[in-house]
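**Student:** This is work20.txt, which holds compact mmCIF, C-alpha atoms:
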```txt
# COMPACT_ATOMS: atom_id res chain seq x y z
CA MET A 1 -12.30 8.12 -14.41
CA SER A 2 -10.40 8.33 -11.14
CA SER A 3 -12.05 5.26 -9.62
CA GLY A 4 -10.33 1.90 -9.47
CA GLU A 5 -7.54 0.39 -7.44
CA VAL A 6 -4.11 2.01 -7.67
CA LYS A 7 -0.87 0.05 -7.42
CA LEU A 8 2.68 1.18 -8.03
CA ILE A 9 5.45 -1.24 -8.95
CA GLY A 10 8.74 0.20 -7.76
CA ALA A 11 11.67 0.22 -5.37
CA TRP A 12 12.45 2.48 -2.41
CA ALA A 13 15.83 3.60 -3.73
CA SER A 14 14.79 4.62 -7.23
CA PRO A 15 14.47 8.36 -7.89
CA PHE A 16 12.16 7.60 -10.81
CA VAL A 17 9.82 5.63 -8.55
CA MET A 18 9.80 8.48 -6.04
CA ARG A 19 8.20 10.78 -8.60
CA PRO A 20 4.77 9.12 -8.89
CA ARG A 21 4.78 8.48 -5.12
CA VAL A 22 5.08 12.22 -4.44
CA ALA A 23 2.38 12.91 -7.04
CA LEU A 24 0.00 10.36 -5.50
CA ASN A 25 0.65 11.89 -2.07
CA LEU A 26 -0.08 15.39 -3.40
CA LYS A 27 -3.41 14.12 -4.68
CA SER A 28 -4.10 12.08 -1.51
CA VAL A 29 -4.58 8.93 -3.59
CA PRO A 30 -4.12 5.71 -1.60
CA TYR A 31 -2.11 3.04 -3.39
CA GLU A 32 -0.49 -0.32 -2.85
CA PHE A 33 3.29 -0.20 -3.21
CA LEU A 34 4.63 -3.36 -4.83
CA GLN A 35 8.33 -3.44 -4.01
CA GLU A 36 10.59 -5.12 -6.56
CA THR A 37 13.59 -7.06 -5.29
CA PHE A 38 16.86 -5.57 -6.46
CA GLY A 39 18.44 -7.75 -9.13
CA SER A 40 15.27 -9.49 -10.31
CA LYS A 41 12.10 -8.52 -12.14
CA SER A 42 8.67 -9.80 -11.16
CA GLU A 43 6.26 -11.42 -13.61
CA LEU A 44 3.88 -8.54 -13.03
CA LEU A 45 6.54 -5.98 -13.99
CA LEU A 46 7.50 -7.86 -17.15
CA LYS A 47 3.84 -8.17 -18.10
CA SER A 48 3.00 -4.53 -17.29
CA ASN A 49 6.02 -2.98 -19.01
CA PRO A 50 7.00 -5.41 -21.77
CA VAL A 51 8.78 -2.69 -23.77
CA HIS A 52 11.28 -1.47 -21.16
CA LYS A 53 10.82 -3.93 -18.25
CA LYS A 54 11.55 -1.03 -15.89
CA ILE A 55 10.07 0.56 -12.78
CA PRO A 56 8.04 2.58 -12.00
CA VAL A 57 4.81 1.23 -13.43
CA LEU A 58 1.48 2.58 -12.22
CA LEU A 59 -1.43 0.18 -12.39
CA HIS A 60 -4.78 1.95 -12.31
CA ALA A 61 -7.68 -0.50 -12.38
CA ASP A 62 -5.08 -2.92 -13.78
CA LYS A 63 -4.20 -0.63 -16.71
CA PRO A 64 -0.45 0.05 -16.76
CA VAL A 65 1.12 3.49 -17.19
CA CYS A 66 4.90 3.61 -17.69
CA GLU A 67 7.71 6.21 -17.59
CA SER A 68 7.96 8.29 -14.40
CA ASN A 69 7.24 11.77 -15.80
CA ILE A 70 4.44 10.40 -17.97
CA ILE A 71 2.94 8.76 -14.87
CA VAL A 72 3.12 12.09 -12.98
CA GLU A 73 1.18 13.83 -15.78
CA TYR A 74 -1.32 10.97 -15.81
CA ILE A 75 -1.87 11.38 -12.06
CA ASP A 76 -2.35 15.13 -12.46
CA GLU A 77 -4.88 14.67 -15.26
CA THR A 78 -6.80 11.80 -13.66
CA TRP A 79 -7.15 13.28 -10.16
CA SER A 80 -7.44 16.84 -11.45
CA SER A 81 -10.03 17.90 -8.90
CA SER A 82 -8.02 16.63 -5.94
CA GLY A 83 -5.15 18.55 -4.35
CA PRO A 84 -3.01 21.20 -6.07
CA SER A 85 -2.19 21.15 -9.80
CA ILE A 86 1.08 19.40 -10.51
CA LEU A 87 1.64 20.92 -13.96
CA PRO A 88 1.40 24.71 -14.19
CA SER A 89 -1.75 26.05 -15.83
CA HIS A 90 -0.28 28.46 -18.40
CA PRO A 91 0.89 26.76 -21.62
CA TYR A 92 4.26 28.55 -21.63
CA ASP A 93 4.97 27.62 -18.01
CA ARG A 94 3.99 24.03 -18.82
CA ALA A 95 6.41 24.07 -21.75
CA MET A 96 9.21 25.35 -19.51
CA ALA A 97 8.47 22.67 -16.90
CA ARG A 98 8.53 19.93 -19.56
CA PHE A 99 11.67 21.35 -21.18
CA TRP A 100 13.66 21.39 -17.95
CA ALA A 101 12.32 18.00 -16.83
CA ALA A 102 13.58 16.52 -20.11
CA TYR A 103 16.94 18.31 -19.65
CA ILE A 104 17.26 16.89 -16.13
CA ASP A 105 16.67 13.33 -17.30
CA GLU A 106 18.65 13.49 -20.51
CA LYS A 107 21.66 15.64 -19.58
CA TRP A 108 21.86 16.44 -15.87
CA PHE A 109 21.20 12.92 -14.58
CA GLY A 110 23.67 11.52 -17.09
CA ALA A 111 26.40 13.62 -15.47
CA LEU A 112 25.37 12.49 -11.96
CA ARG A 113 25.41 8.87 -13.03
CA ASN A 114 28.82 9.32 -14.72
CA PHE A 115 30.15 10.65 -11.47
CA LEU A 116 29.12 7.57 -9.54
CA LYS A 117 30.90 5.45 -12.14
CA ALA A 118 33.92 7.70 -12.66
CA GLU A 119 37.34 6.32 -11.94
CA GLY A 120 40.39 8.41 -11.24
CA GLU A 121 40.78 12.08 -10.45
CA GLU A 122 40.80 13.33 -14.06
CA GLU A 123 37.51 11.67 -14.93
CA LYS A 124 35.92 12.85 -11.67
CA LYS A 125 37.06 16.42 -12.29
CA ALA A 126 35.56 16.40 -15.79
CA VAL A 127 32.23 15.11 -14.52
CA ILE A 128 32.14 17.65 -11.66
CA ALA A 129 32.67 20.43 -14.20
CA GLN A 130 29.80 19.02 -16.27
CA MET A 131 27.55 18.85 -13.21
CA GLU A 132 28.35 22.40 -12.15
CA GLU A 133 27.51 23.67 -15.63
CA GLY A 134 24.17 21.89 -15.41
CA ASN A 135 23.50 23.22 -11.91
CA ALA A 136 24.14 26.77 -13.08
CA LEU A 137 21.52 26.30 -15.80
CA LEU A 138 19.05 24.90 -13.29
CA GLU A 139 19.71 27.75 -10.85
CA LYS A 140 18.71 30.19 -13.58
CA ALA A 141 15.74 28.03 -14.56
CA PHE A 142 14.59 28.09 -10.95
CA ILE A 143 14.71 31.88 -10.82
CA ASP A 144 12.79 32.11 -14.12
CA CYS A 145 10.15 29.50 -13.26
CA SER A 146 9.56 30.27 -9.59
CA LYS A 147 9.09 34.02 -10.15
CA GLY A 148 9.99 34.75 -6.54
CA LYS A 149 8.00 31.89 -5.05
CA PRO A 150 9.51 28.98 -3.06
CA PHE A 151 9.17 26.26 -5.71
CA PHE A 152 9.68 25.82 -9.47
CA ASN A 153 5.90 25.46 -9.60
CA GLY A 154 5.22 28.51 -7.43
CA ASP A 155 3.58 28.19 -4.01
CA ASN A 156 3.29 24.40 -4.15
CA ILE A 157 5.62 21.70 -5.40
CA GLY A 158 4.88 20.57 -8.93
CA TYR A 159 6.14 18.62 -11.94
CA LEU A 160 9.58 20.21 -12.20
CA ASP A 161 10.15 20.23 -8.43
CA ILE A 162 9.35 16.51 -8.39
CA SER A 163 11.50 15.85 -11.44
CA LEU A 164 14.64 17.37 -9.90
CA GLY A 165 13.83 16.80 -6.24
CA SER A 166 13.62 13.04 -6.74
CA PHE A 167 17.39 13.04 -7.32
CA LEU A 168 18.28 14.90 -4.11
CA ALA A 169 18.95 11.81 -2.00
CA TRP A 170 21.28 10.39 -4.67
CA LEU A 171 22.90 13.79 -5.01
CA ARG A 172 23.61 13.77 -1.27
CA VAL A 173 25.10 10.27 -1.47
CA THR A 174 27.31 11.42 -4.34
CA GLU A 175 28.45 14.44 -2.32
CA LEU A 176 29.41 12.12 0.55
CA THR A 177 31.34 9.78 -1.72
CA ALA A 178 33.11 12.64 -3.48
CA SER A 179 33.58 14.76 -0.36
CA HIS A 180 32.55 17.55 -2.66
CA LYS A 181 29.47 19.73 -2.47
CA LEU A 182 27.61 19.46 -5.76
CA LEU A 183 24.84 21.82 -4.72
CA ASP A 184 26.91 24.74 -3.47
CA GLU A 185 25.37 27.53 -1.38
CA ALA A 186 27.68 30.06 -2.99
CA LYS A 187 27.10 28.96 -6.59
CA THR A 188 23.48 27.83 -6.45
CA PRO A 189 21.90 29.58 -3.46
CA SER A 190 18.30 29.37 -4.75
CA LEU A 191 18.55 25.66 -5.48
CA CYS A 192 19.97 24.98 -2.01
CA LYS A 193 17.10 26.80 -0.36
CA TRP A 194 14.63 25.05 -2.63
CA ALA A 195 16.15 21.63 -1.87
CA GLU A 196 15.56 22.04 1.84
CA LEU A 197 11.98 23.16 1.36
CA PHE A 198 11.33 20.30 -1.06
CA CYS A 199 12.68 17.66 1.31
CA ASN A 200 10.48 18.96 4.11
CA ASP A 201 7.30 18.96 2.09
CA PRO A 202 4.75 16.56 3.62
CA ALA A 203 4.18 14.83 0.28
CA VAL A 204 7.93 14.21 -0.05
CA LYS A 205 9.17 13.35 3.43
CA PRO A 206 7.62 9.86 3.70
CA VAL A 207 9.11 8.70 0.38
CA MET A 208 12.53 10.39 0.36
CA PRO A 209 15.19 7.73 1.00
CA GLU A 210 17.34 8.32 4.05
CA THR A 211 20.86 9.35 3.00
CA ALA A 212 22.71 6.84 5.22
CA LYS A 213 20.55 3.93 4.09
CA LEU A 214 20.94 4.97 0.45
CA ALA A 215 24.71 5.36 0.80
CA GLU A 216 24.97 1.80 2.03
CA PHE A 217 22.77 0.58 -0.80
CA ALA A 218 24.94 2.51 -3.30
CA LYS A 219 28.07 0.88 -1.92
CA LYS A 220 26.49 -2.51 -2.45
CA ILE A 221 25.35 -1.96 -6.02
CA PHE A 222 28.49 -0.14 -7.17
CA ALA A 223 30.85 -2.49 -5.38
CA LYS A 224 33.75 -3.56 -7.54
CA PRO A 225 34.25 -7.33 -7.59
CA GLN A 226 37.19 -8.50 -5.51
CA ALA A 227 40.29 -9.43 -7.55
CA MET B 1 -11.06 28.79 -28.90
CA ALA B 2 -7.62 30.40 -28.48
CA GLU B 3 -7.54 34.16 -28.18
CA ARG B 4 -6.13 35.80 -31.27
CA SER B 5 -4.70 39.23 -30.71
CA GLU B 6 -3.86 41.51 -33.63
CA THR B 7 -0.19 41.14 -32.81
CA GLU B 8 -0.08 37.32 -32.40
CA GLU B 9 3.25 36.31 -33.83
CA VAL B 10 4.32 32.75 -34.51
CA LYS B 11 7.76 32.05 -35.88
CA LEU B 12 9.43 28.69 -36.46
CA LEU B 13 13.20 28.35 -36.74
CA GLY B 14 13.63 25.10 -38.63
CA MET B 15 15.33 23.15 -41.35
CA TRP B 16 13.61 21.70 -44.41
CA ALA B 17 15.15 18.22 -44.15
CA SER B 18 14.79 17.76 -40.39
CA PRO B 19 12.08 15.38 -39.10
CA PHE B 20 11.96 17.33 -35.84
CA SER B 21 11.32 20.61 -37.64
CA ARG B 22 8.77 19.12 -40.07
CA ARG B 23 6.67 17.69 -37.26
CA ILE B 24 6.15 21.20 -35.90
CA GLU B 25 5.03 22.37 -39.33
CA ILE B 26 2.53 19.50 -39.44
CA ALA B 27 1.08 20.47 -36.06
CA LEU B 28 0.79 24.17 -36.87
CA THR B 29 -0.78 23.40 -40.26
CA LEU B 30 -3.28 20.94 -38.74
CA LYS B 31 -4.39 23.71 -36.39
CA GLY B 32 -4.53 26.35 -39.11
CA VAL B 33 -1.97 28.51 -37.30
CA ALA B 34 -0.23 31.06 -39.53
CA TYR B 35 3.51 31.15 -38.95
CA GLU B 36 6.69 32.60 -40.36
CA PHE B 37 9.28 29.97 -41.23
CA SER B 38 12.93 30.83 -40.82
CA GLU B 39 15.19 28.31 -42.57
CA GLN B 40 18.33 27.76 -40.50
CA ASP B 41 21.76 26.65 -41.63
CA ILE B 42 22.66 24.07 -39.02
CA THR B 43 26.26 23.89 -40.20
CA ASN B 44 26.65 27.60 -39.49
CA LYS B 45 24.26 28.44 -36.66
CA SER B 46 22.78 31.92 -36.59
CA SER B 47 23.17 34.17 -33.59
CA LEU B 48 19.37 34.20 -33.38
CA LEU B 49 19.26 30.43 -32.97
CA LEU B 50 22.02 30.49 -30.35
CA GLN B 51 20.20 33.22 -28.48
CA LEU B 52 16.81 31.51 -28.58
CA ASN B 53 18.07 27.99 -27.74
CA PRO B 54 21.21 28.47 -25.67
CA VAL B 55 20.91 25.07 -23.96
CA TYR B 56 20.89 22.82 -27.04
CA LYS B 57 21.58 25.25 -29.91
CA MET B 58 19.28 23.14 -32.13
CA ILE B 59 16.25 23.54 -34.32
CA PRO B 60 13.30 23.51 -34.14
CA VAL B 61 12.55 26.54 -31.99
CA LEU B 62 9.04 27.94 -31.89
CA VAL B 63 8.76 31.59 -30.99
CA HIS B 64 5.29 32.67 -29.90
CA ASN B 65 4.85 36.38 -29.23
CA GLY B 66 8.57 36.66 -28.61
CA LYS B 67 8.83 33.69 -26.22
CA PRO B 68 10.97 30.77 -27.43
CA ILE B 69 10.18 27.08 -26.90
CA SER B 70 12.65 24.31 -27.79
CA GLU B 71 12.58 20.50 -28.04
CA SER B 72 10.09 19.18 -30.57
CA LEU B 73 7.97 17.09 -28.19
CA VAL B 74 7.71 20.04 -25.78
CA ILE B 75 6.74 22.30 -28.70
CA LEU B 76 4.06 19.85 -29.90
CA GLU B 77 2.46 19.80 -26.44
CA TYR B 78 2.67 23.59 -26.26
CA ILE B 79 0.90 23.90 -29.61
CA ASP B 80 -1.84 21.52 -28.42
CA ASP B 81 -2.20 23.45 -25.12
CA THR B 82 -2.35 26.84 -26.85
CA TRP B 83 -4.51 26.23 -29.93
CA ARG B 84 -7.33 23.99 -28.76
CA ASN B 85 -8.97 23.24 -32.12
CA ASN B 86 -8.18 19.90 -33.88
CA PRO B 87 -6.57 18.30 -30.81
CA ILE B 88 -3.39 16.35 -31.43
CA LEU B 89 -3.34 14.44 -28.15
CA PRO B 90 -6.35 12.35 -27.13
CA GLN B 91 -8.64 13.54 -24.31
CA ASP B 92 -8.50 10.48 -22.09
CA PRO B 93 -5.57 10.53 -19.59
CA CYS B 94 -4.69 6.87 -20.17
CA GLU B 95 -4.62 7.36 -23.94
CA ARG B 96 -2.56 10.53 -23.51
CA ALA B 97 -0.04 8.63 -21.39
CA THR B 98 0.15 5.92 -24.05
CA ALA B 99 0.68 8.48 -26.82
CA ARG B 100 3.47 10.16 -24.84
CA PHE B 101 5.03 6.75 -24.19
CA TRP B 102 5.21 5.85 -27.89
CA ALA B 103 6.50 9.31 -28.83
CA LYS B 104 9.33 8.92 -26.32
CA LEU B 105 10.14 5.44 -27.62
CA ILE B 106 10.35 6.74 -31.18
CA ASP B 107 12.62 9.67 -30.36
CA GLN B 108 14.85 8.15 -27.72
CA GLN B 109 15.17 4.57 -28.88
CA ILE B 110 13.92 3.92 -32.41
CA CYS B 111 15.68 7.01 -33.78
CA VAL B 112 18.93 6.08 -32.02
CA ALA B 113 18.69 2.43 -33.11
CA ALA B 114 18.12 3.51 -36.72
CA MET B 115 21.15 5.80 -36.63
CA LYS B 116 23.25 2.85 -35.45
CA VAL B 117 22.58 1.05 -38.76
CA VAL B 118 24.21 3.84 -40.77
CA GLY B 119 27.79 3.23 -41.79
CA LYS B 120 27.90 -0.33 -40.52
CA VAL B 121 28.62 -3.48 -42.48
CA GLY B 122 28.31 -7.22 -42.07
CA GLU B 123 27.50 -8.72 -38.67
CA GLU B 124 27.57 -5.37 -36.94
CA ARG B 125 24.97 -4.04 -39.33
CA ASP B 126 22.80 -7.14 -38.99
CA ALA B 127 22.77 -6.71 -35.22
CA ALA B 128 21.87 -3.02 -35.53
CA VAL B 129 19.06 -3.81 -37.97
CA GLU B 130 17.67 -6.48 -35.64
CA ALA B 131 17.72 -4.10 -32.68
CA ALA B 132 15.82 -1.46 -34.67
CA ARG B 133 13.29 -4.04 -35.88
CA ASP B 134 12.62 -5.29 -32.34
CA LEU B 135 11.59 -1.77 -31.37
CA LEU B 136 9.62 -1.14 -34.55
CA MET B 137 7.61 -4.31 -33.90
CA PHE B 138 5.98 -2.52 -30.96
CA LEU B 139 4.74 0.17 -33.33
CA GLU B 140 3.61 -2.49 -35.82
CA LYS B 141 1.41 -4.10 -33.16
CA GLU B 142 -0.04 -0.71 -32.13
CA LEU B 143 -1.38 -0.14 -35.64
CA VAL B 144 -3.44 -3.33 -35.90
CA GLY B 145 -7.05 -2.38 -36.65
CA LYS B 146 -6.26 1.34 -36.89
CA ASP B 147 -5.82 3.74 -39.80
CA PHE B 148 -3.45 5.86 -37.76
CA PHE B 149 -1.82 5.65 -34.32
CA GLY B 150 -4.37 8.29 -33.37
CA GLY B 151 -7.23 6.04 -34.50
CA ARG B 152 -9.35 7.28 -37.39
CA SER B 153 -7.36 10.46 -37.77
CA LEU B 154 -3.81 11.76 -37.31
CA GLY B 155 -2.57 12.29 -33.81
CA PHE B 156 0.50 12.96 -31.72
CA VAL B 157 2.20 9.63 -32.36
CA ASP B 158 1.56 9.81 -36.12
CA ILE B 159 3.20 13.23 -36.24
CA VAL B 160 6.23 12.00 -34.27
CA ALA B 161 6.41 8.74 -36.25
CA THR B 162 6.77 10.58 -39.58
CA LEU B 163 10.43 10.18 -38.65
CA VAL B 164 10.00 6.46 -39.35
CA ALA B 165 7.85 6.93 -42.49
CA PHE B 166 9.84 9.61 -44.29
CA TRP B 167 13.31 9.43 -42.86
CA LEU B 168 14.07 5.87 -41.78
CA MET B 169 12.09 4.21 -44.56
CA ARG B 170 13.22 6.63 -47.26
CA THR B 171 16.91 6.04 -46.57
CA GLU B 172 16.62 2.26 -46.88
CA ASP B 173 17.57 2.29 -50.55
CA LEU B 174 20.57 4.50 -49.83
CA LEU B 175 21.70 2.29 -46.96
CA GLY B 176 21.24 -0.86 -49.04
CA VAL B 177 19.23 -2.61 -46.33
CA LYS B 178 15.48 -2.76 -45.85
CA VAL B 179 15.15 -2.12 -42.15
CA VAL B 180 11.32 -2.04 -42.43
CA PRO B 181 10.41 -4.66 -45.09
CA VAL B 182 6.72 -4.99 -45.93
CA GLU B 183 6.75 -8.75 -45.17
CA LEU B 184 7.63 -8.06 -41.54
CA PHE B 185 5.83 -4.75 -41.15
CA PRO B 186 2.62 -4.79 -43.22
CA GLU B 187 0.78 -2.51 -40.78
CA ILE B 188 3.48 0.16 -40.87
CA HIS B 189 3.45 0.09 -44.68
CA ARG B 190 -0.34 0.41 -44.69
CA TRP B 191 -0.04 3.33 -42.26
CA VAL B 192 2.50 5.10 -44.51
CA LYS B 193 0.00 4.83 -47.40
CA ASN B 194 -2.65 6.41 -45.16
CA LEU B 195 -0.24 9.22 -44.29
CA LEU B 196 0.43 9.88 -47.95
CA GLY B 197 -3.30 10.31 -48.49
CA ASN B 198 -3.37 13.21 -46.04
CA ASP B 199 -2.99 16.72 -47.49
CA VAL B 200 -1.24 18.22 -44.46
CA ILE B 201 1.33 15.42 -44.40
CA LYS B 202 1.92 15.79 -48.14
CA LYS B 203 2.40 19.52 -47.74
CA CYS B 204 4.78 19.23 -44.79
CA THR B 205 7.04 16.40 -45.96
CA PRO B 206 10.30 17.16 -47.79
CA PRO B 207 9.98 16.42 -51.52
CA GLU B 208 11.41 12.95 -52.06
CA ASP B 209 13.97 13.64 -54.79
CA GLU B 210 15.52 16.64 -53.10
CA HIS B 211 15.43 14.83 -49.77
CA LEU B 212 17.28 11.78 -51.09
CA ALA B 213 19.82 13.99 -52.86
CA TYR B 214 20.43 15.83 -49.59
CA ILE B 215 20.90 12.62 -47.61
CA ARG B 216 23.20 11.19 -50.27
CA ALA B 217 25.31 14.37 -50.16
CA ARG B 218 25.51 14.19 -46.37
CA MET B 219 26.53 10.55 -46.45
CA ASP B 220 29.26 11.36 -48.99
CA LYS B 221 30.50 14.17 -46.80
CA LEU B 222 30.69 11.84 -43.82
CA ASN B 223 32.37 9.17 -45.98
CA ILE B 224 29.52 6.75 -45.55
CA LYS B 225 29.07 4.44 -48.52
CA SER B 226 25.64 4.77 -50.06
CA ALA B 227 24.15 1.87 -52.01
```
Turn this file's structure into structure tokens for me.
**Tutor:**
Amino acid sequence: MSSGEVKLIGAWASPFVMRPRVALNLKSVPYEFLQETFGSKSELLLKSNPVHKKIPVLLHADKPVCESNIIVEYIDETWSSSGPSILPSHPYDRAMARFWAAYIDEKWFGALRNFLKAEGEEEKKAVIAQMEEGNALLEKAFIDCSKGKPFFNGDNIGYLDISLGSFLAWLRVTELTASHKLLDEAKTPSLCKWAELFCNDPAVKPVMPETAKLAEFAKKIFAKPQA
Amino acid sequence: MAERSETEEVKLLGMWASPFSRRIEIALTLKGVAYEFSEQDITNKSSLLLQLNPVYKMIPVLVHNGKPISESLVILEYIDDTWRNNPILPQDPCERATARFWAKLIDQQICVAAMKVVGKVGEERDAAVEAARDLLMFLEKELVGKDFFGGRSLGFVDIVATLVAFWLMRTEDLLGVKVVPVELFPEIHRWVKNLLGNDVIKKCTPPEDEHLAYIRARMDKLNIKSA
């Protein structure tokens, strides 16, 4: 079941692409990284994900798997005997991990993205307030899920760590642009500590975009056209 | 076989006309899990609901031995993880990933696209209908050669897609536009007939007359013209 060539269609700057890369690293699965060019979509991508035409797409023995969190679960289930478990083992803990991962993608990320697009002080202030509300929820979720351990998943990074941690580089870029700390040591001390540990994890370090490089990329893609 | 303690308590906070609530009832009934149903007034949310789902304040909420789980897709996976008889998700990781993919498409895109048809007229409505049909065509193709999305028997995607069968398709007459005509979607129509032959589905679907009356009343309240 776990045999067959593994390829991942993606891009270095995408937080969604980072998720399966961390998962593959955790399971020590070698893969070929097929980098998409920003602004265009390869034939292979369009063929492999005809519904959404989006990255990441995992190709396992040429069978495509789409949607980042779905790919992470697929990796966990396929290479179950290799490396640590990515999803927790207890059904309730699994439910909590899935719940918060969905919250992060549907609500929390929306606020982050709105911030990058926000114009004017009023709009920025409103989005910051939204983000801080979300962060407070995640701080509590961390305390509940980690049960005193270093990660959402306990002793090792797992599904929820990957889900949130994949946004850390973009979060840092946003903080630079805003000159405003979004992950505040005073307001979210556990998340700050977790963030540092996550970034230093050996499965994460090689695939976490460098903040300076990402900031420059962000400038390019969010550049307003000259009048 | 799941462990059954004397004090095993399963409670579902739901709403009789909600597709998200009904899908939980289907899953619990398929597994033969006894549960207490607590009908919620979503226009006047109970303090219990607000306490058990503080993040979204929505039904359904499953409470298992005092522990609440929210978000219907998360609840469905929890039910499958906890009560292992009559599995809802397939065993094979690739098939599981595919099932999760379609479920997400239905809830995040098809549902949203269908809502966009409501209350629109003329060109705007035509565009909304076309957008919904483009997405539904993916489901149509999935059903070729199968009795259900799950194959020979009901599965995860069938349960989630009851939203299409008994909510989207039922409101067509009220909206005055056939979003899912049989000429374009013969497989979906065939699938709905198969669903109606299933006792659990019949038991867990809102009775048609009352359901239509409810939707009509809601449309009137929101000043949406019904056909």
**Student:** Could you list, as JSON, numbers by chain, every residue within 9 Å of region 6-15 of chain A, counting all atoms listed in the file and ignoring same-chain residues fewer than 2 positions away?
**Tutor:** {"A": [3, 4, 17, 18, 19, 20, 21, 29, 30, 31, 32, 33, 34, 35, 36, 37, 38, 44, 45, 54, 55, 56, 57, 58, 59, 60, 61, 62, 163, 165, 166, 167, 168, 169, 170, 207, 208, 209, 214, 217]}
**Student:** Given all atoms listed in the file as the basis, pick out the residue of B:Met58, B:Ile79, B:Ile110, B:Leu12 nearest to Ala95 (chain A).
**Tutor:**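 Among the listed residues, the smallest separation from Ala95 (chain A) belongs to B:Ile79.
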**Student:** Would you mind listing, as number ranges by chain, all residues of chain B that have at least one atom within 10 Å of chain A, where only C-alpha atoms are what counts?
**Tutor:** B: 55-56, 64, 67-83, 91-101, 104-105, 108, 134-135, 138
**Student:** As a list in words, please: the residues near Asn86 (chain B) (cut-off 12 Å, only C-alpha atoms, same-chain neighbours under 4 positions excluded).
**Tutor:**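 Returned residues: Met1, Ala2, Ala27, Leu28, Thr29, Leu30, Lys31, Gly32, Val33, Ile79, Asp80, Asp81, Thr82, Pro90, Gln91, Ser153, Leu154, Gly155 and Phe156 of chain B.
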**Student:** Expressed in Å to a single decimal, how great is the separation between CA of Asp161 (chain A) and CA of Phe198 (chain A)?
**Tutor:**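 So the two atoms, CA of Asp161 (chain A) and CA of Phe198 (chain A), lie 7.5 Å apart.
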**Student:** How far is it from CA of His180 (chain A) to CA of Pro150 (chain A), in Å with one decimal?
**Tutor:**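 Value for the CA of His180 (chain A)-CA of Pro150 (chain A) distance: 25.7 Å.
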**Student:** Show me, as a Markdown table, the residues of region 128-154 of chain B having an atom within 12 Å of region 115-124 of chain B, each with the closest atom pair and its distance in Å, using only C-alpha atoms.
**Tutor:**
```
| residue | atom | partner | partner_atom | distance |
| --- | --- | --- | --- | --- |
| B:Ala128 | CA | B:Val117 | CA | 5.2 |
| B:Val129 | CA | B:Val117 | CA | 6.1 |
| B:Glu130 | CA | B:Val117 | CA | 9.5 |
| B:Ala131 | CA | B:Lys116 | CA | 9.3 |
| B:Ala132 | CA | B:Val117 | CA | 8.3 |
| B:Arg133 | CA | B:Val117 | CA | 11.0 |
```
**Student:** So the first atom is CA of Ile106 (chain B) and the second is CA of Arg216 (chain B); what is the distance between them in Å, to one decimal place?
**Tutor:**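 Going from CA of Ile106 (chain B) over to CA of Arg216 (chain B), I get 23.4 Å.
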**Student:** If you count only C-alpha atoms, which residues fall within 8 Å of Ser38 (chain B), apart from same-chain ones fewer than 3 positions away, as number ranges by chain?
**Tutor:** B: 11-14
**Student:** In terms of the shortest atom-to-atom distance over all atoms listed in the file, which of B:Leu163, B:Ile201, B:Leu212, B:Leu143 is closest to Leu175 (chain B)?
**Tutor:** B:Leu212
**Student:** Rank A:Ala212, A:Ala129, A:Leu138, A:Ala203 by their smallest atom-to-atom distance to Leu26 (chain A), using only C-alpha atoms, and report the top residue only.
**Tutor:** A:Ala203
**Student:** The centre and edge lengths of an axis-aligned box containing all atoms of region 27-41 of chain B present in the file, extended by 6 Å on each side, are to be given in Å to one decimal, as JSON.
**Tutor:**
```
{"center_x": 8.6, "center_y": 26.5, "center_z": -39.3, "size_x": 38.3, "size_y": 24.1, "size_z": 18.5}
```
**Student:** Hey, what's within 10 Å of region 190-197 of chain A if we count all atoms listed in the file and toss same-chain stuff fewer than 5 positions away? As a PyMOL selection string, please?
**Tutor:** chain A and resi 135-136+138-143+149-152+157+161+164-165+168+183-185+204
**Student:** Given the choices A:Gly158, A:Gly148, A:Gly39, A:Gly110, which gets closest to Leu87 (chain A) if the distance is worked out from only C-alpha atoms?
**Tutor:** A:Gly158
**Student:** May I have the residues within 12 Å of Glu39 (chain B) as number ranges by chain, using all atoms listed in the file and disregarding those fewer than 5 positions away in the same chain?
**Tutor:** B: 11-18, 21-22, 44-46, 48-49, 59-61
